[in-house]
$ cat model-v6.cif   # mmCIF, C-alpha atoms
data_model
#
loop_
_atom_site.label_atom_id
_atom_site.label_comp_id
_atom_site.auth_asym_id
_atom_site.auth_seq_id
_atom_site.Cartn_x
_atom_site.Cartn_y
_atom_site.Cartn_z
CA MET Z 5 102.46 94.01 83.50
CA PRO Z 6 99.78 94.81 86.15
CA GLU Z 7 96.39 96.08 85.04
CA PRO Z 8 95.82 99.88 84.98
CA ILE Z 9 94.22 101.33 88.11
CA ASP Z 10 91.22 103.67 87.96
CA ILE Z 11 89.86 105.07 91.21
CA GLU Z 12 87.12 107.60 91.90
CA VAL Z 13 87.50 109.13 95.36
CA THR Z 14 84.17 108.82 97.16
CA GLU Z 15 85.21 109.48 100.75
CA SER Z 16 87.19 112.34 102.28
CA ARG Z 17 90.29 111.40 104.29
CA PRO Z 18 91.72 114.67 105.67
CA GLY Z 19 95.49 114.72 106.07
CA VAL Z 20 96.12 111.61 103.94
CA ARG Z 21 98.58 112.15 101.09
CA LEU Z 22 98.11 110.68 97.63
CA ASP Z 23 100.90 108.08 97.95
CA ARG Z 24 99.47 106.84 101.25
CA TYR Z 25 95.93 106.80 99.85
CA LEU Z 26 97.01 104.68 96.89
CA ALA Z 27 98.98 102.28 99.09
CA ASP Z 28 95.93 101.83 101.33
CA ARG Z 29 93.60 101.27 98.36
CA CYS Z 30 96.06 98.94 96.56
CA PRO Z 31 97.97 97.16 99.36
CA GLU Z 32 99.71 94.79 96.95
CA THR Z 33 101.86 97.75 95.87
CA SER Z 34 104.08 99.63 98.34
CA ARG Z 35 103.87 103.31 99.12
CA GLY Z 36 107.47 103.67 97.94
CA ARG Z 37 106.57 102.20 94.56
CA PHE Z 38 103.64 104.62 94.20
CA GLN Z 39 106.01 107.48 94.99
CA GLN Z 40 108.22 106.30 92.12
CA LEU Z 41 105.23 106.07 89.78
CA ILE Z 42 104.04 109.57 90.73
CA ALA Z 43 107.52 111.00 90.16
CA ALA Z 44 107.64 109.26 86.77
CA GLY Z 45 104.31 110.79 85.70
CA ALA Z 46 102.53 107.42 85.64
CA VAL Z 47 99.82 108.67 88.01
CA THR Z 48 97.30 111.37 87.13
CA VAL Z 49 94.53 113.05 89.10
CA ASN Z 50 91.78 114.50 86.92
CA GLY Z 51 94.17 114.25 83.99
CA ARG Z 52 96.99 116.17 85.66
CA VAL Z 53 100.26 114.91 87.14
CA PRO Z 54 100.08 115.42 90.94
CA LYS Z 55 102.58 115.50 93.77
CA ALA Z 56 102.87 112.59 96.19
CA THR Z 57 101.93 114.97 99.01
CA ASP Z 58 98.66 116.13 97.41
CA PRO Z 59 95.56 115.03 99.37
CA PRO Z 60 92.88 113.32 97.26
CA ARG Z 61 89.49 115.02 97.35
CA VAL Z 62 86.00 113.65 96.92
CA GLY Z 63 85.21 113.43 93.22
CA ASP Z 64 88.84 113.14 92.09
CA ARG Z 65 89.57 110.53 89.45
CA ILE Z 66 92.93 108.85 89.92
CA GLU Z 67 94.54 106.85 87.12
CA VAL Z 68 97.67 104.72 87.36
CA ARG Z 69 99.28 103.52 84.13
CA TRP Z 70 102.19 101.17 84.68
CA PRO Z 71 105.28 102.06 82.65
CA GLU Z 72 106.72 99.55 80.23
CA PRO Z 73 109.44 97.39 81.82
CA VAL Z 74 112.93 98.72 81.18
CA ALA Z 75 116.18 96.86 81.05
CA CYS Z 76 117.59 96.40 84.53
CA GLU Z 77 120.57 98.66 85.24
CA VAL Z 78 121.82 96.44 88.05
CA LEU Z 79 124.38 93.98 86.70
CA PRO Z 80 124.34 90.27 87.56
CA GLU Z 81 126.99 89.01 89.97
CA ASP Z 82 128.00 85.41 90.58
CA ILE Z 83 127.17 85.28 94.29
CA PRO Z 84 126.32 81.83 95.73
CA LEU Z 85 122.72 81.39 96.87
CA SER Z 86 121.26 78.92 99.33
CA LEU Z 87 117.88 77.94 97.89
CA LEU Z 88 115.14 76.22 99.87
CA HIS Z 89 112.90 75.96 96.79
CA GLU Z 90 112.71 77.00 93.15
CA ASP Z 91 110.10 76.57 90.41
CA ASP Z 92 108.91 78.52 87.35
CA ASP Z 93 107.16 81.17 89.47
CA LEU Z 94 109.24 81.77 92.56
CA LEU Z 95 112.29 81.05 94.65
CA VAL Z 96 112.62 80.76 98.41
CA VAL Z 97 116.07 81.86 99.52
CA ASP Z 98 117.83 81.18 102.82
CA LYS Z 99 119.39 84.65 103.11
CA PRO Z 100 122.67 84.99 105.01
CA ALA Z 101 122.65 87.70 107.67
CA GLU Z 102 125.41 89.70 105.99
CA LEU Z 103 123.67 89.89 102.60
CA VAL Z 104 121.78 93.11 101.76
CA VAL Z 105 118.55 92.44 99.85
CA HIS Z 106 118.68 95.21 97.21
CA PRO Z 107 120.96 98.07 96.16
CA ALA Z 108 120.86 101.10 98.44
CA ALA Z 109 123.15 103.82 99.71
CA GLY Z 110 126.47 102.20 100.60
CA HIS Z 111 125.51 98.90 98.93
CA ALA Z 112 125.70 99.44 95.19
CA THR Z 113 126.96 95.90 94.52
CA GLY Z 114 127.03 92.50 96.17
CA THR Z 115 123.33 92.34 97.06
CA LEU Z 116 120.76 89.57 96.82
CA VAL Z 117 119.33 91.27 93.72
CA HIS Z 118 122.70 91.02 91.96
CA ALA Z 119 122.86 87.32 92.86
CA LEU Z 120 119.28 86.71 91.68
CA LEU Z 121 119.92 88.38 88.31
CA HIS Z 122 122.83 86.02 87.74
CA HIS Z 123 120.98 82.92 88.96
CA CYS Z 124 117.72 83.63 87.10
CA GLN Z 125 119.40 85.20 84.06
CA GLY Z 126 117.14 88.24 84.34
CA ARG Z 127 113.87 86.30 84.54
CA LEU Z 128 112.40 88.14 87.51
CA SER Z 129 109.28 90.18 88.17
CA GLY Z 130 109.61 93.84 87.17
CA ILE Z 131 106.97 95.24 89.53
CA GLY Z 132 109.57 96.26 92.11
CA GLY Z 133 111.40 98.48 89.62
CA VAL Z 134 114.86 98.20 88.15
CA GLU Z 135 116.62 98.08 91.52
CA ARG Z 136 114.32 95.52 93.16
CA PRO Z 137 113.39 92.93 90.52
CA GLY Z 138 111.49 90.03 92.05
CA ILE Z 139 111.63 91.42 95.59
CA VAL Z 140 108.28 90.89 97.32
CA HIS Z 141 109.44 91.53 100.90
CA ARG Z 142 112.70 92.16 102.72
CA LEU Z 143 114.84 91.05 105.62
CA ASP Z 144 117.09 93.51 107.42
CA LEU Z 145 120.84 93.43 107.08
CA GLY Z 146 121.85 91.31 110.06
CA THR Z 147 118.75 89.09 109.85
CA SER Z 148 118.98 85.66 108.24
CA GLY Z 149 116.45 83.18 106.91
CA CYS Z 150 113.50 82.63 104.55
CA LEU Z 151 112.72 85.14 101.81
CA VAL Z 152 110.45 84.54 98.80
CA VAL Z 153 111.26 86.03 95.38
CA ALA Z 154 108.86 86.32 92.41
CA LYS Z 155 110.00 85.30 88.93
CA ASN Z 156 107.12 86.94 87.08
CA ASP Z 157 104.61 89.75 87.56
CA ALA Z 158 101.64 87.42 88.11
CA ALA Z 159 103.43 85.65 90.97
CA HIS Z 160 104.58 88.98 92.40
CA THR Z 161 101.06 90.41 92.43
CA HIS Z 162 99.62 87.24 94.00
CA LEU Z 163 102.27 87.07 96.71
CA SER Z 164 102.07 90.81 97.46
CA ALA Z 165 98.31 90.51 97.92
CA GLN Z 166 98.86 87.74 100.47
CA PHE Z 167 101.36 89.83 102.42
CA ALA Z 168 98.93 92.76 102.35
CA ALA Z 169 96.06 90.54 103.53
CA ARG Z 170 98.27 89.15 106.32
CA THR Z 171 97.74 85.55 105.29
CA VAL Z 172 101.44 84.79 104.94
CA GLU Z 173 102.80 82.95 107.98
CA LYS Z 174 106.08 84.58 109.06
CA THR Z 175 107.76 82.91 112.03
CA TYR Z 176 111.08 84.07 113.46
CA LEU Z 177 113.43 82.71 116.11
CA ALA Z 178 115.15 85.28 118.30
CA LEU Z 179 117.60 85.36 121.20
CA ALA Z 180 116.64 88.15 123.57
CA ILE Z 181 118.39 89.60 126.60
CA GLY Z 182 116.57 88.87 129.85
CA ARG Z 183 114.02 86.26 130.87
CA VAL Z 184 111.00 87.18 128.78
CA GLN Z 185 107.89 87.67 130.92
CA PRO Z 186 105.08 86.99 130.42
CA ALA Z 187 106.23 83.90 128.54
CA HIS Z 188 103.38 84.12 126.01
CA GLY Z 189 101.66 87.14 124.62
CA ASP Z 190 100.86 89.61 121.91
CA ILE Z 191 102.52 92.98 121.50
CA ARG Z 192 100.07 95.33 119.83
CA ALA Z 193 101.78 98.70 119.68
CA PRO Z 194 101.93 101.05 116.68
CA ILE Z 195 105.31 101.77 115.09
CA ASP Z 196 106.53 104.97 113.48
CA ARG Z 197 109.80 106.76 112.78
CA HIS Z 198 111.68 107.73 115.92
CA PRO Z 199 110.83 111.38 116.62
CA ILE Z 200 114.52 112.38 116.86
CA GLN Z 201 116.68 109.59 115.39
CA ARG Z 202 115.03 109.34 111.99
CA LYS Z 203 116.91 106.23 110.88
CA LYS Z 204 115.34 104.30 113.74
CA MET Z 205 111.81 103.16 114.38
CA ALA Z 206 109.97 103.42 117.70
CA VAL Z 207 106.69 102.50 119.32
CA ALA Z 208 104.38 105.46 118.80
CA PRO Z 209 101.80 106.96 121.15
CA PRO Z 210 98.27 105.58 120.76
CA GLY Z 211 96.64 106.94 117.64
CA ASP Z 212 99.93 107.62 115.89
CA GLY Z 213 102.10 105.41 113.68
CA ARG Z 214 101.01 102.26 111.89
CA GLU Z 215 99.38 99.23 113.45
CA ALA Z 216 101.90 96.56 114.45
CA TRP Z 217 101.22 93.16 116.01
CA THR Z 218 103.80 90.61 117.14
CA GLU Z 219 102.77 87.33 118.75
CA TYR Z 220 105.54 85.77 120.83
CA HIS Z 221 106.27 82.61 122.81
CA CYS Z 222 109.30 82.10 125.04
CA LEU Z 223 110.61 78.67 124.08
CA GLU Z 224 113.55 78.44 126.46
CA ALA Z 225 114.99 80.37 129.41
CA LEU Z 226 118.77 80.67 129.09
CA GLY Z 227 119.93 82.30 132.30
CA ASP Z 228 119.70 86.00 131.63
CA ALA Z 229 118.61 85.45 128.03
CA SER Z 230 115.68 83.78 126.28
CA ARG Z 231 115.01 81.87 123.07
CA VAL Z 232 111.81 83.35 121.65
CA GLU Z 233 109.55 82.44 118.75
CA CYS Z 234 107.88 85.47 117.16
CA ARG Z 235 105.09 85.43 114.62
CA LEU Z 236 104.46 88.61 112.66
CA HIS Z 237 100.86 89.55 111.95
CA THR Z 238 102.00 92.83 110.38
CA GLY Z 239 105.23 93.67 108.61
CA ARG Z 240 106.58 96.98 109.87
CA THR Z 241 110.21 97.99 109.54
CA HIS Z 242 112.31 96.48 112.37
CA GLN Z 243 109.09 95.27 113.98
CA ILE Z 244 110.39 92.42 116.16
CA ARG Z 245 113.46 94.40 117.19
CA VAL Z 246 111.36 97.41 118.20
CA HIS Z 247 108.63 95.41 119.93
CA LEU Z 248 110.91 93.21 122.04
CA ALA Z 249 113.01 96.21 123.06
CA HIS Z 250 109.80 98.05 123.93
CA LEU Z 251 108.80 95.14 126.14
CA GLY Z 252 112.21 95.38 127.89
CA PHE Z 253 113.95 92.44 126.18
CA PRO Z 254 116.07 93.69 123.26
CA LEU Z 255 117.68 91.24 120.87
CA LEU Z 256 121.07 89.91 121.77
CA GLY Z 257 123.53 91.58 119.41
CA ASP Z 258 121.19 94.42 118.41
CA GLU Z 259 123.21 97.56 119.11
CA VAL Z 260 120.62 99.82 117.51
CA TYR Z 261 117.65 99.01 119.76
CA GLY Z 262 119.56 97.37 122.63
CA GLU Z 263 122.89 99.16 122.94
CA ARG Z 264 122.94 99.48 126.72
CA ALA Z 265 121.61 96.02 127.45
CA ASN Z 266 124.13 94.48 125.06
CA ALA Z 267 126.97 96.48 126.62
CA ARG Z 268 126.03 95.14 130.07
CA PHE Z 269 125.70 91.61 128.74
CA ALA Z 270 129.12 91.77 127.07
CA LEU Z 271 130.72 93.18 130.23
CA GLU Z 272 129.24 90.45 132.42
CA HIS Z 273 129.86 87.51 130.07
CA ARG Z 274 133.06 88.72 128.33
CA TRP Z 275 131.72 88.13 124.82
CA LYS Z 276 129.06 89.57 122.59
CA ALA Z 277 126.94 88.24 119.75
CA PRO Z 278 128.32 88.86 116.24
CA ARG Z 279 125.03 90.39 115.02
CA GLN Z 280 121.39 90.74 115.99
CA MET Z 281 120.19 87.24 116.86
CA LEU Z 282 117.12 87.11 114.61
CA HIS Z 283 116.37 84.39 112.07
CA ALA Z 284 113.35 84.11 109.73
CA HIS Z 285 112.74 80.45 110.43
CA ARG Z 286 109.50 79.65 108.62
CA LEU Z 287 107.51 81.10 105.72
CA ALA Z 288 104.16 79.69 104.55
CA PHE Z 289 101.81 80.97 101.83
CA LEU Z 290 99.54 79.95 98.96
CA HIS Z 291 101.49 79.09 95.84
CA PRO Z 292 100.47 81.66 93.20
CA ARG Z 293 100.00 79.05 90.46
CA THR Z 294 98.56 76.01 92.26
CA GLY Z 295 96.72 77.72 95.12
CA GLN Z 296 98.11 75.08 97.52
CA ARG Z 297 99.60 76.15 100.81
CA VAL Z 298 103.35 75.62 100.91
CA ALA Z 299 105.75 76.06 103.81
CA PHE Z 300 109.52 76.39 104.00
CA GLU Z 301 111.92 76.37 106.92
CA ALA Z 302 115.48 77.65 107.07
CA PRO Z 303 117.83 75.89 109.51
CA LEU Z 304 119.56 77.95 112.17
CA PRO Z 305 122.80 79.42 110.79
CA GLN Z 306 126.08 78.53 112.45
CA ASP Z 307 126.53 81.84 114.28
CA VAL Z 308 123.14 81.47 116.00
CA VAL Z 309 123.90 77.84 116.86
CA GLU Z 310 127.19 78.87 118.47
CA VAL Z 311 125.64 81.69 120.50
CA LEU Z 312 122.80 79.40 121.61
CA GLY Z 313 125.38 76.83 122.71
CA ARG Z 314 127.23 79.42 124.80
CA LEU Z 315 124.01 80.50 126.48
CA ARG Z 316 123.09 76.90 127.28
CA ARG Z 317 126.53 76.34 128.81
CA GLY Z 318 125.92 79.20 131.21
CA GLY Z 319 126.77 82.30 129.25
CA ALA Z 320 130.31 83.10 130.40
CA ASP Z 321 133.15 82.38 127.99
CA HIS Z 322 136.28 81.39 129.90
CA GLY Z 323 138.22 80.56 126.76
CA ASN Z 324 138.40 82.81 123.74
CA ARG Z 325 137.07 86.32 124.17
CA PRO Z 326 136.12 87.59 120.72
CA THR Z 327 135.27 91.11 121.88
CA GLN Z 328 136.20 92.96 125.07
CA ALA Z 329 133.27 95.05 126.22
CA LYS Z 330 133.26 98.65 127.38
CA ALA Z 331 131.37 99.54 130.51
CA PRO Z 332 127.96 101.06 129.86
CA GLY Z 333 127.89 104.75 130.61
CA ALA Z 334 124.29 105.47 131.41
CA SER Z 335 121.09 104.08 132.85
CA THR Z 336 120.89 100.28 133.01
CA ARG Z 337 117.17 99.68 132.46
CA PRO Z 338 116.73 97.48 129.35
CA SER Z 339 113.45 99.14 128.39
CA GLU Z 340 115.30 102.40 127.73
CA ASP Z 341 117.04 100.78 124.76
CA SER Z 342 113.82 100.92 122.81
CA ALA Z 343 114.12 104.75 122.80
CA ARG Z 344 110.37 105.10 122.54
CA PRO Z 345 108.40 108.27 123.19
CA ALA Z 346 107.68 108.65 126.90
CA SER Z 347 103.93 108.78 126.35
CA SER Z 348 103.68 105.21 125.05
CA ALA Z 349 103.61 102.10 127.20
CA PRO Z 350 103.96 98.40 126.40
CA ARG Z 351 100.71 96.71 125.56
CA SER Z 352 100.90 92.96 125.89
CA ARG Z 353 98.47 90.40 127.16
CA ARG Z 354 98.94 86.92 128.44
CA ARG Z 355 97.52 84.28 126.14
CA PRO Z 356 95.58 81.37 127.62
#

$ encode --input "model-v6.cif" --output "structure tokens"
Amino acid sequence: MPEPIDIEVTESRPGVRLDRYLADRCPETSRGRFQQLIAAGAVTVNGRVPKATDPPRVGDRIEVRWPEPVACEVLPEDIPLSLLHEDDDLLVVDKPAELVVHPAAGHATGTLVHALLHHCQGRLSGIGGVERPGIVHRLDLGTSGCLVVAKNDAAHTHLSAQFAARTVEKTYLALAIGRVQPAHGDIRAPIDRHPIQRKKMAVAPPGDGREAWTEYHCLEALGDASRVECRLHTGRTHQIRVHLAHLGFPLLGDEVYGERANARFALEHRWKAPRQMLHAHRLAFLHPRTGQRVAFEAPLPQDVVEVLGRLRRGGADHGNRPTQAKAPGASTRPSEDSARPASSAPRSRRRP
């Protein structure tokens, strides 16, 4: 179990809620987890149970007392796992694109967590709560590749601190629509909830949202598509998908942030990608027990290999046509697929 947290507020931060304040002060623990702890009465301010929305004030004394682990209510399920590594402290999983990481609305069973509980026989870190045992970070539904899981609280805390400090190397391979220009660069644009479509993220105006930084390198031009390597320096929700769409090159197969561009592509080529073409290719970090840097790579899954082969052959499919496309019904500029606020503009710079 993590050590208790005792904080005396010494600096005023107007407008910052308690859950955000705690997440900023203790980056190894997520804001969502602090919200759970506040709701459970495990957080007090000056001896009283606060609300997550309360702003801390100078002189406040905040105490966090971690609750005792409880038996996990999620039942194990015998779901096959593809493991890149396993030892007494952690596992590195090659997650299939169709596998949801943890239980959520619409996905009460059949998740990675259910599979992990069966494989590890319940020996997983409890820091993430009963619905997310062992889960240190996530990959979206529709994204495949490397994901590290903690088997104990010490490993979880150590790994979370590395993610918070941005020392974990997270490299993705993506297939994007369009010829990515400039071919090398950094996208430094804050990300926040979309102002209207709240289930989506969007690049926010300067000064709003949370810092987000994606470094990218176009590895291969594929006609009117590109094979791109992306390295995340931050870990915002949907970051690569939002940033590449913001730049004008949405992911092939991403109908959330690239609906119009994908509709055009499907109409022109007479096929469309089966899912967003994004794969977490490489993950490197310090092992929590040995302190040595370890790295793991997940091979490209078959669906990405097949789509890449089609693009290299010229894009058009004159044989089987898995999906007939509908004509796009609105503006055809790819950058509009990012659905960002009009006041923000792409910020990228060419690297030497």

$ closest_residue --input "model-v6.cif" --among "Z:His221, Z:Lys55, Z:Arg136, Z:His111" --to "Z:Gln185" --atoms "all atoms listed in the file"
Z:His221

$ resolve_selection --input "model-v6.cif" --expression "the PyMOL selection byres ((chain Z and resi 93-103) around 8)" --output "ChimeraX atom specification"
/Z:85-92,104-105,114-116,145-156,159,292-293,300,302

$ write_last_selection --input "model-v6.cif" --atoms "C-alpha atoms" --output "PDB file, keeping the file's coordinate frame"
ATOM      1  CA  LEU Z  85     122.720  81.390  96.870  1.00  0.00           C
ATOM      2  CA  SER Z  86     121.260  78.920  99.330  1.00  0.00           C
ATOM      3  CA  LEU Z  87     117.880  77.940  97.890  1.00  0.00           C
ATOM      4  CA  LEU Z  88     115.140  76.220  99.870  1.00  0.00           C
ATOM      5  CA  HIS Z  89     112.900  75.960  96.790  1.00  0.00           C
ATOM      6  CA  GLU Z  90     112.710  77.000  93.150  1.00  0.00           C
ATOM      7  CA  ASP Z  91     110.100  76.570  90.410  1.00  0.00           C
ATOM      8  CA  ASP Z  92     108.910  78.520  87.350  1.00  0.00           C
ATOM      9  CA  VAL Z 104     121.780  93.110 101.760  1.00  0.00           C
ATOM     10  CA  VAL Z 105     118.550  92.440  99.850  1.00  0.00           C
ATOM     11  CA  GLY Z 114     127.030  92.500  96.170  1.00  0.00           C
ATOM     12  CA  THR Z 115     123.330  92.340  97.060  1.00  0.00           C
ATOM     13  CA  LEU Z 116     120.760  89.570  96.820  1.00  0.00           C
ATOM     14  CA  LEU Z 145     120.840  93.430 107.080  1.00  0.00           C
ATOM     15  CA  GLY Z 146     121.850  91.310 110.060  1.00  0.00           C
ATOM     16  CA  THR Z 147     118.750  89.090 109.850  1.00  0.00           C
ATOM     17  CA  SER Z 148     118.980  85.660 108.240  1.00  0.00           C
ATOM     18  CA  GLY Z 149     116.450  83.180 106.910  1.00  0.00           C
ATOM     19  CA  CYS Z 150     113.500  82.630 104.550  1.00  0.00           C
ATOM     20  CA  LEU Z 151     112.720  85.140 101.810  1.00  0.00           C
ATOM     21  CA  VAL Z 152     110.450  84.540  98.800  1.00  0.00           C
ATOM     22  CA  VAL Z 153     111.260  86.030  95.380  1.00  0.00           C
ATOM     23  CA  ALA Z 154     108.860  86.320  92.410  1.00  0.00           C
ATOM     24  CA  LYS Z 155     110.000  85.300  88.930  1.00  0.00           C
ATOM     25  CA  ASN Z 156     107.120  86.940  87.080  1.00  0.00           C
ATOM     26  CA  ALA Z 159     103.430  85.650  90.970  1.00  0.00           C
ATOM     27  CA  PRO Z 292     100.470  81.660  93.200  1.00  0.00           C
ATOM     28  CA  ARG Z 293     100.000  79.050  90.460  1.00  0.00           C
ATOM     29  CA  PHE Z 300     109.520  76.390 104.000  1.00  0.00           C
ATOM     30  CA  ALA Z 302     115.480  77.650 107.070  1.00  0.00           C
TER      31      ALA Z 302
END

$ residues_near_point --input "model-v6.cif" --point "(95.9, 104.7, 101.5)" --cutoff "12 Å" --atoms "only C-alpha atoms" --output "MDAnalysis selection string"
chainID Z and resid 11 13 15:35 38 56 59:60 214

$ resolve_selection --input "model-v6.cif" --expression "the PyMOL selection byres ((chain Z and resi 184) around 10)" --output "PDB file with C-alpha atoms, in the frame of the given file"
ATOM      1  CA  ALA Z 180     116.640  88.150 123.570  1.00  0.00           C
ATOM      2  CA  ILE Z 181     118.390  89.600 126.600  1.00  0.00           C
ATOM      3  CA  GLY Z 182     116.570  88.870 129.850  1.00  0.00           C
ATOM      4  CA  ARG Z 183     114.020  86.260 130.870  1.00  0.00           C
ATOM      5  CA  GLN Z 185     107.890  87.670 130.920  1.00  0.00           C
ATOM      6  CA  PRO Z 186     105.080  86.990 130.420  1.00  0.00           C
ATOM      7  CA  ALA Z 187     106.230  83.900 128.540  1.00  0.00           C
ATOM      8  CA  HIS Z 188     103.380  84.120 126.010  1.00  0.00           C
ATOM      9  CA  TYR Z 220     105.540  85.770 120.830  1.00  0.00           C
ATOM     10  CA  HIS Z 221     106.270  82.610 122.810  1.00  0.00           C
ATOM     11  CA  CYS Z 222     109.300  82.100 125.040  1.00  0.00           C
ATOM     12  CA  LEU Z 223     110.610  78.670 124.080  1.00  0.00           C
ATOM     13  CA  GLU Z 224     113.550  78.440 126.460  1.00  0.00           C
ATOM     14  CA  ALA Z 225     114.990  80.370 129.410  1.00  0.00           C
ATOM     15  CA  ASP Z 228     119.700  86.000 131.630  1.00  0.00           C
ATOM     16  CA  ALA Z 229     118.610  85.450 128.030  1.00  0.00           C
ATOM     17  CA  SER Z 230     115.680  83.780 126.280  1.00  0.00           C
ATOM     18  CA  ARG Z 231     115.010  81.870 123.070  1.00  0.00           C
ATOM     19  CA  VAL Z 232     111.810  83.350 121.650  1.00  0.00           C
ATOM     20  CA  LEU Z 248     110.910  93.210 122.040  1.00  0.00           C
ATOM     21  CA  LEU Z 251     108.800  95.140 126.140  1.00  0.00           C
ATOM     22  CA  GLY Z 252     112.210  95.380 127.890  1.00  0.00           C
ATOM     23  CA  PHE Z 253     113.950  92.440 126.180  1.00  0.00           C
ATOM     24  CA  PRO Z 254     116.070  93.690 123.260  1.00  0.00           C
TER      25      PRO Z 254
END

$ atom_distance --input "model-v6.cif" --atom1 "atom CA of Z:Arg142" --atom2 "atom CA of Z:Ala267"
28.2 Å

$ closest_residue --input "model-v6.cif" --among "Z:Arg65, Z:Arg202, Z:His118, Z:His237" --to "Z:Ala169" --atoms "only C-alpha atoms"
Z:His237

$ residues_around --input "model-v6.cif" --residues "stretch 121-127 of chain Z" --least-positions-apart "5" --cutoff "6 Å" --atoms "only C-alpha atoms" --output "JSON, numbers by chain"
{"Z": [80, 81, 82, 155]}
